[in-house]
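Raw start-v6.cif, mmCIF, C-alpha atoms:
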data_data
loop_
_atom_site.label_atom_id
_atom_site.label_comp_id
_atom_site.auth_asym_id
_atom_site.auth_seq_id
_atom_site.Cartn_x
_atom_site.Cartn_y
_atom_site.Cartn_z
CA MET A 164 0.00 0.00 0.00
CA ASP A 165 1.21 3.50 -0.85
CA ASN A 166 2.33 5.30 2.30
CA GLN A 167 0.01 8.20 1.43
CA GLU A 168 -2.94 5.80 1.72
CA ILE A 169 -2.18 4.87 5.35
CA PHE A 170 -4.75 6.40 7.68
CA PRO A 171 -5.45 5.79 11.36
CA ARG A 172 -8.85 4.18 11.80
CA HIS A 173 -9.49 6.14 14.97
CA ILE A 174 -8.23 9.60 15.93
CA ALA A 175 -8.88 11.10 19.36
CA ILE A 176 -8.37 14.81 20.04
CA ILE A 177 -7.85 16.78 23.24
CA MET A 178 -9.15 20.15 22.07
CA ASP A 179 -6.99 22.39 24.25
CA GLY A 180 -6.32 26.12 24.11
CA ASN A 181 -9.73 27.79 23.74
CA GLY A 182 -9.31 29.98 26.82
CA ARG A 183 -5.75 31.00 25.99
CA TRP A 184 -6.77 31.80 22.41
CA ALA A 185 -9.39 34.22 23.75
CA GLN A 186 -7.12 35.78 26.37
CA LYS A 187 -4.44 36.51 23.75
CA ARG A 188 -7.11 38.57 21.97
CA LEU A 189 -8.31 40.26 25.18
CA LEU A 190 -11.61 38.39 24.93
CA PRO A 191 -13.47 36.48 27.65
CA ARG A 192 -12.52 32.80 27.83
CA LYS A 193 -16.00 31.75 26.76
CA ALA A 194 -15.41 33.45 23.40
CA GLY A 195 -12.66 30.93 22.74
CA HIS A 196 -15.08 28.06 23.35
CA ALA A 197 -17.50 29.50 20.78
CA VAL A 198 -14.76 29.63 18.14
CA GLY A 199 -13.48 26.22 19.25
CA SER A 200 -16.90 24.66 18.68
CA GLU A 201 -16.78 25.88 15.07
CA THR A 202 -13.30 24.40 14.73
CA PHE A 203 -14.65 21.05 15.91
CA ARG A 204 -17.32 21.14 13.23
CA SER A 205 -14.85 22.02 10.48
CA VAL A 206 -12.34 19.35 11.59
CA ALA A 207 -15.07 16.69 11.70
CA ASP A 208 -16.24 17.70 8.21
CA TYR A 209 -12.67 17.58 6.90
CA LEU A 210 -12.05 14.10 8.28
CA ASN A 211 -15.39 12.87 6.96
CA LEU A 212 -14.94 14.27 3.45
CA HIS A 213 -11.20 14.14 2.79
CA THR A 214 -9.74 11.21 4.75
CA LYS A 215 -10.36 7.52 5.41
CA VAL A 216 -10.49 7.98 9.19
CA GLU A 217 -13.47 6.02 10.52
CA TYR A 218 -13.72 7.23 14.14
CA LEU A 219 -13.17 10.61 15.78
CA THR A 220 -13.35 10.99 19.57
CA VAL A 221 -13.10 14.48 21.08
CA TYR A 222 -12.66 15.55 24.68
CA ALA A 223 -15.36 18.20 24.99
CA PHE A 224 -15.91 18.42 28.76
CA SER A 225 -14.15 16.50 31.50
CA THR A 226 -15.37 15.58 34.97
CA GLU A 227 -12.82 18.11 36.28
CA ASN A 228 -14.15 20.97 34.12
CA TRP A 229 -17.08 21.60 36.47
CA SER A 230 -14.63 23.49 38.71
CA ARG A 231 -14.14 26.20 36.08
CA PRO A 232 -15.85 29.61 36.49
CA LYS A 233 -19.64 29.34 36.23
CA ASP A 234 -19.98 31.61 33.21
CA GLU A 235 -17.44 29.49 31.30
CA VAL A 236 -19.23 26.23 32.22
CA ASP A 237 -22.59 27.77 31.27
CA GLU A 238 -21.19 28.75 27.86
CA ILE A 239 -19.86 25.24 27.23
CA MET A 240 -23.26 23.78 28.13
CA ARG A 241 -24.98 26.31 25.85
CA LEU A 242 -22.70 25.32 22.98
CA LEU A 243 -23.38 21.64 23.68
CA ARG A 244 -27.13 22.22 23.40
CA LYS A 245 -26.62 24.30 20.25
CA TYR A 246 -24.50 21.56 18.71
CA MET A 247 -27.11 18.91 19.51
CA ASP A 248 -29.87 21.01 17.95
CA GLU A 249 -27.81 21.46 14.78
CA ALA A 250 -26.79 17.80 14.74
CA CYS A 251 -30.42 16.70 14.64
CA ARG A 252 -30.87 18.74 11.43
CA THR A 253 -27.67 17.73 9.65
CA LEU A 254 -26.69 14.18 10.67
CA LEU A 255 -28.54 12.42 7.86
CA GLU A 256 -27.26 14.93 5.33
CA LYS A 257 -23.65 14.42 6.42
CA ASN A 258 -23.94 10.62 6.90
CA VAL A 259 -22.24 10.94 10.30
CA LYS A 260 -22.83 8.72 13.32
CA LEU A 261 -22.76 10.64 16.61
CA HIS A 262 -22.50 9.31 20.16
CA PHE A 263 -22.07 11.13 23.47
CA LEU A 264 -19.77 9.30 25.89
CA GLY A 265 -19.28 9.86 29.61
CA ASP A 266 -21.30 9.83 32.81
CA LEU A 267 -24.43 11.33 31.28
CA SER A 268 -26.53 10.90 34.43
CA ILE A 269 -25.56 14.39 35.59
CA PHE A 270 -27.38 16.09 32.70
CA PRO A 271 -31.06 17.10 32.81
CA GLU A 272 -33.54 14.55 31.47
CA ASP A 273 -34.32 16.56 28.34
CA VAL A 274 -30.62 16.73 27.43
CA ARG A 275 -30.16 12.98 27.95
CA ARG A 276 -33.25 12.29 25.87
CA GLU A 277 -31.92 14.44 23.03
CA MET A 278 -28.58 12.61 23.18
CA GLU A 279 -30.44 9.29 22.90
CA ASP A 280 -32.50 10.61 19.97
CA ILE A 281 -29.30 11.65 18.18
CA HIS A 282 -27.81 8.19 18.75
CA ALA A 283 -30.89 6.57 17.23
CA LEU A 284 -31.16 9.06 14.35
CA SER A 285 -27.59 8.50 13.23
CA GLU A 286 -27.30 4.78 13.93
CA LYS A 287 -27.48 3.72 10.27
CA ALA A 288 -24.94 6.29 9.04
CA THR A 289 -21.91 4.86 7.25
CA GLY A 290 -19.61 7.88 7.35
CA LEU A 291 -17.42 9.17 10.17
CA HIS A 292 -18.33 7.92 13.64
CA ILE A 293 -17.94 10.80 16.12
CA ASN A 294 -17.76 10.36 19.88
CA VAL A 295 -18.19 13.53 21.94
CA CYS A 296 -16.89 12.96 25.49
CA VAL A 297 -18.87 15.01 28.02
CA ASN A 298 -18.61 14.77 31.80
CA TYR A 299 -15.91 12.26 30.96
CA GLY A 300 -12.92 11.03 32.94
CA GLY A 301 -10.74 8.08 31.95
CA ARG A 302 -10.29 6.73 35.46
CA ASN A 303 -13.99 7.19 36.20
CA GLU A 304 -14.82 5.22 33.05
CA ILE A 305 -12.74 2.26 34.26
CA VAL A 306 -14.28 2.44 37.76
CA ASN A 307 -17.78 2.47 36.26
CA ALA A 308 -16.90 -0.52 34.06
CA VAL A 309 -15.67 -2.54 37.07
CA ARG A 310 -18.74 -1.60 39.12
CA ALA A 311 -21.01 -2.69 36.26
CA MET A 312 -19.24 -6.04 36.10
CA ALA A 313 -19.63 -6.51 39.85
CA ARG A 314 -23.37 -5.79 39.58
CA GLU A 315 -23.61 -8.34 36.77
CA GLY A 316 -22.10 -11.02 38.98
CA TYR A 317 -18.64 -11.40 37.42
CA ASP A 318 -16.03 -13.26 39.44
CA MET A 319 -13.80 -10.22 40.01
CA THR A 320 -10.77 -12.41 40.76
CA LYS A 321 -10.83 -13.70 37.18
CA VAL A 322 -11.65 -10.55 35.21
CA THR A 323 -9.94 -10.28 31.81
CA GLU A 324 -8.88 -7.26 29.78
CA GLU A 325 -11.42 -8.21 27.14
CA GLU A 326 -14.24 -8.18 29.69
CA ILE A 327 -13.28 -4.74 30.96
CA THR A 328 -13.05 -3.46 27.39
CA ALA A 329 -16.56 -4.75 26.77
CA HIS A 330 -17.88 -2.54 29.60
CA LEU A 331 -16.26 0.74 28.54
CA TYR A 332 -18.11 3.58 26.83
CA THR A 333 -16.30 2.73 23.58
CA VAL A 334 -17.44 -0.90 23.47
CA GLY A 335 -17.40 -2.25 19.92
CA GLN A 336 -15.04 0.44 18.64
CA PRO A 337 -11.34 0.16 17.84
CA ASP A 338 -8.92 1.84 20.22
CA PRO A 339 -7.53 5.17 18.97
CA ASP A 340 -4.46 4.83 16.75
CA MET A 341 -3.45 8.43 17.40
CA ILE A 342 -4.26 11.02 20.05
CA ILE A 343 -3.79 14.66 19.07
CA ARG A 344 -3.43 17.31 21.74
CA THR A 345 -3.43 20.96 20.75
CA GLY A 346 -2.35 23.93 22.83
CA ALA A 347 1.28 22.95 23.65
CA GLU A 348 0.53 20.81 26.72
CA LYS A 349 2.00 17.30 26.67
CA ARG A 350 -0.19 15.06 28.80
CA LEU A 351 -3.35 12.97 28.42
CA SER A 352 -5.30 14.67 31.23
CA ASN A 353 -7.32 11.58 32.16
CA PHE A 354 -8.49 11.00 28.57
CA LEU A 355 -9.08 7.43 27.30
CA MET A 356 -6.67 5.99 29.86
CA TRP A 357 -7.50 2.36 28.99
CA GLN A 358 -7.94 2.78 25.24
CA SER A 359 -4.78 4.84 24.65
CA SER A 360 -2.31 2.12 25.69
CA TYR A 361 -0.80 1.85 22.21
CA ALA A 362 -1.90 5.13 20.66
CA GLU A 363 0.65 7.37 18.98
CA LEU A 364 0.72 10.71 20.83
CA TYR A 365 0.91 13.85 18.70
CA PHE A 366 1.36 17.22 20.38
CA THR A 367 1.14 20.58 18.67
CA ASP A 368 1.54 24.15 19.91
CA THR A 369 -1.41 25.27 17.78
CA LEU A 370 -4.31 26.43 19.94
CA TRP A 371 -7.52 24.56 19.18
CA PRO A 372 -9.46 27.49 17.58
CA ASP A 373 -6.60 27.84 15.05
CA PHE A 374 -6.48 24.13 14.18
CA SER A 375 -7.30 23.48 10.51
CA GLY A 376 -7.24 20.98 7.69
CA LYS A 377 -3.58 21.82 7.15
CA ASP A 378 -2.86 20.83 10.75
CA ILE A 379 -4.74 17.57 10.27
CA GLU A 380 -2.66 16.74 7.22
CA GLU A 381 0.55 17.47 9.15
CA ALA A 382 -0.60 15.13 11.93
CA LEU A 383 -1.50 12.40 9.42
CA ALA A 384 1.90 12.76 7.71
CA TRP A 385 3.60 12.38 11.11
CA PHE A 386 1.50 9.27 11.79
CA ARG A 387 2.55 7.71 8.49
CA GLY A 388 6.17 8.09 9.54
CA ARG A 389 5.70 6.13 12.75
CA LYS A 390 6.64 2.44 13.02
CA ARG A 391 3.98 0.89 15.20
CA ARG A 392 5.60 -2.02 17.03
CA PHE A 393 2.96 -2.64 19.74
CA GLY A 394 5.57 -3.73 22.26
CA GLY A 395 7.88 -5.38 19.71
CA VAL A 396 11.45 -4.37 18.91
#

Written as structure tokens, how would this file's structure read?
Amino acid sequence: MDNQEIFPRHIAIIMDGNGRWAQKRLLPRKAGHAVGSETFRSVADYLNLHTKVEYLTVYAFSTENWSRPKDEVDEIMRLLRKYMDEACRTLLEKNVKLHFLGDLSIFPEDVRREMEDIHALSEKATGLHINVCVNYGGRNEIVNAVRAMAREGYDMTKVTEEEITAHLYTVGQPDPDMIIRTGAEKRLSNFLMWQSSYAELYFTDTLWPDFSGKDIEEALAWFRGRKRRFGGV
């Protein structure tokens, strides 16, 4: 296969730098989240239309993000609702499958119901599969998986990796081949802790609102240059 035809099946992105992008422009931090939400849409469209990537998982709101200033959290929640409203109108047109992953119990019933409706609406789509992680924490995901297994009567002294994997939010999906983090930080920040065991980690100084198709292509070119040994020599 031509090297230019090698694509990761699954890309995960830590969309970092919205607040700093706004502060550099003397704008309130929430303005950066508004621009960042548009960047997410454009990146998803680019991957869906111009690449062979099958899955995109984005870190939209972590379990730790609730500690941010109230006006910033309120803006993120407003943008989430806005995105869901738009998704309901465009999912079939874009042939995109959309799932929300995380501890969704914290959201109001109407929000959870809309998330479920979006899941059902997009279930037959054959294009890009997008996971939006909200109220998500990697360690919390593993704890919830183990608790679910205990409730189901598993012998916890004989639990296998495959059984834990089958109880994660991403059940049935391939693990990410590459995790992209924007905004210059170089850590996973409790994102996909189980699933990222063999992911290639790509860090860029570009702040998320400035991330573009050109940046995606640079990340994909970097990925093609990696030799994935999966523990081998």

Near-Val221 in chain A list (8 Å; only C-alpha atoms; drop same-chain fewer than 6 positions) as a list in words: Ala175, Ile176, Ile177, Met178, Ile293, Asn294, Val295 and Cys296 of chain A

For range 368-376 of chain A: contacts at 10 Å, only C-alpha atoms, fewer than 6 positions along chain excluded, given as number ranges by chain: A: 176-185, 195-203, 205-210, 213, 344-349, 382

For the residues selected in the previous step, produce a file with C-alpha atoms as a short mmCIF file (atom, residue, chain, number, x, y, z; two decimals), in the coordinates of the input.
data_model
loop_
_atom_site.label_atom_id
_atom_site.label_comp_id
_atom_site.auth_asym_id
_atom_site.auth_seq_id
_atom_site.Cartn_x
_atom_site.Cartn_y
_atom_site.Cartn_z
CA ILE A 176 -8.37 14.81 20.04
CA ILE A 177 -7.85 16.78 23.24
CA MET A 178 -9.15 20.15 22.07
CA ASP A 179 -6.99 22.39 24.25
CA GLY A 180 -6.32 26.12 24.11
CA ASN A 181 -9.73 27.79 23.74
CA GLY A 182 -9.31 29.98 26.82
CA ARG A 183 -5.75 31.00 25.99
CA TRP A 184 -6.77 31.80 22.41
CA ALA A 185 -9.39 34.22 23.75
CA GLY A 195 -12.66 30.93 22.74
CA HIS A 196 -15.08 28.06 23.35
CA ALA A 197 -17.50 29.50 20.78
CA VAL A 198 -14.76 29.63 18.14
CA GLY A 199 -13.48 26.22 19.25
CA SER A 200 -16.90 24.66 18.68
CA GLU A 201 -16.78 25.88 15.07
CA THR A 202 -13.30 24.40 14.73
CA PHE A 203 -14.65 21.05 15.91
CA SER A 205 -14.85 22.02 10.48
CA VAL A 206 -12.34 19.35 11.59
CA ALA A 207 -15.07 16.69 11.70
CA ASP A 208 -16.24 17.70 8.21
CA TYR A 209 -12.67 17.58 6.90
CA LEU A 210 -12.05 14.10 8.28
CA HIS A 213 -11.20 14.14 2.79
CA ARG A 344 -3.43 17.31 21.74
CA THR A 345 -3.43 20.96 20.75
CA GLY A 346 -2.35 23.93 22.83
CA ALA A 347 1.28 22.95 23.65
CA GLU A 348 0.53 20.81 26.72
CA LYS A 349 2.00 17.30 26.67
CA ALA A 382 -0.60 15.13 11.93
#

Contact residues around range 302-307 of chain A with only C-alpha atoms at 10 Å, ignoring same-chain residues under 5 positions, as a list in words: Thr226, Leu264, Gly265, Asp266, Met312, Ala313, Ile327, Thr328, His330, Leu331, Tyr332, Thr333, Asn353, Phe354, Leu355, Met356 and Trp357 of chain A

Residue IDs satisfying the PyMOL selection byres ((chain A and resi 227) around 10), as a PyMOL selection string: chain A and resi 224-226+228-231+298-300+352-353

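Comparing the minimum interatomic distances between Asp234 in chain A and each of A:Met341, A:Met278, A:Ala194, A:Ile174, counting all atoms listed in the file, we find that A:Ala194 sits nearest.
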
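In this model, the gap between CA of Ser359 in chain A and CA of Ala384 in chain A comes to 19.9 Å.
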
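Between Ile343 in chain A and the residues A:Val259, A:Ala311, A:Asp378, A:Ser285, the shortest atom-to-atom distance, using all atoms listed in the file, involves A:Asp378.
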
Counting all atoms listed in the file, which residues have an atom no more than 10 Å from (-1.9, 3.7, 25.4) in the file's coordinates? Please list them as a PDB file with C-alpha atoms, keeping the file's coordinate frame.
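Saved file part.pdb follows:
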ATOM      1  CA  ASP A 338      -8.920   1.840  20.220  1.00  0.00           C
ATOM      2  CA  PRO A 339      -7.530   5.170  18.970  1.00  0.00           C
ATOM      3  CA  ASP A 340      -4.460   4.830  16.750  1.00  0.00           C
ATOM      4  CA  MET A 341      -3.450   8.430  17.400  1.00  0.00           C
ATOM      5  CA  ILE A 342      -4.260  11.020  20.050  1.00  0.00           C
ATOM      6  CA  LEU A 351      -3.350  12.970  28.420  1.00  0.00           C
ATOM      7  CA  LEU A 355      -9.080   7.430  27.300  1.00  0.00           C
ATOM      8  CA  MET A 356      -6.670   5.990  29.860  1.00  0.00           C
ATOM      9  CA  TRP A 357      -7.500   2.360  28.990  1.00  0.00           C
ATOM     10  CA  GLN A 358      -7.940   2.780  25.240  1.00  0.00           C
ATOM     11  CA  SER A 359      -4.780   4.840  24.650  1.00  0.00           C
ATOM     12  CA  SER A 360      -2.310   2.120  25.690  1.00  0.00           C
ATOM     13  CA  TYR A 361      -0.800   1.850  22.210  1.00  0.00           C
ATOM     14  CA  ALA A 362      -1.900   5.130  20.660  1.00  0.00           C
ATOM     15  CA  GLU A 363       0.650   7.370  18.980  1.00  0.00           C
ATOM     16  CA  LEU A 364       0.720  10.710  20.830  1.00  0.00           C
ATOM     17  CA  PHE A 393       2.960  -2.640  19.740  1.00  0.00           C
TER      18      PHE A 393
END

d(CA of Met247 in chain A, CA of Ala223 in chain A) in Å: 13.0 Å

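Distances from A:Lys193, A:Cys251, A:Val297, A:Ser268 to His282 in chain A were compared using only C-alpha atoms, and the smallest one belongs to A:Cys251.
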
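Going from CA of Glu235 in chain A to CA of His262 in chain A covers 23.6 Å.
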
Show me, as lines of an AutoDock Vina configuration file, the centre and edge lengths in Å to one decimal of the axis-aligned box that covers every listed atom of range 201-209 of chain A with 3 Å on each side.
center_x = -14.8
center_y = 21.3
center_z = 11.4
size_x = 11.0
size_y = 15.2
size_z = 15.0

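Nearest residue to Glu326 in chain A among A:Val309, A:Arg172, A:Lys245, A:Arg314 is A:Val309, counting all atoms listed in the file.
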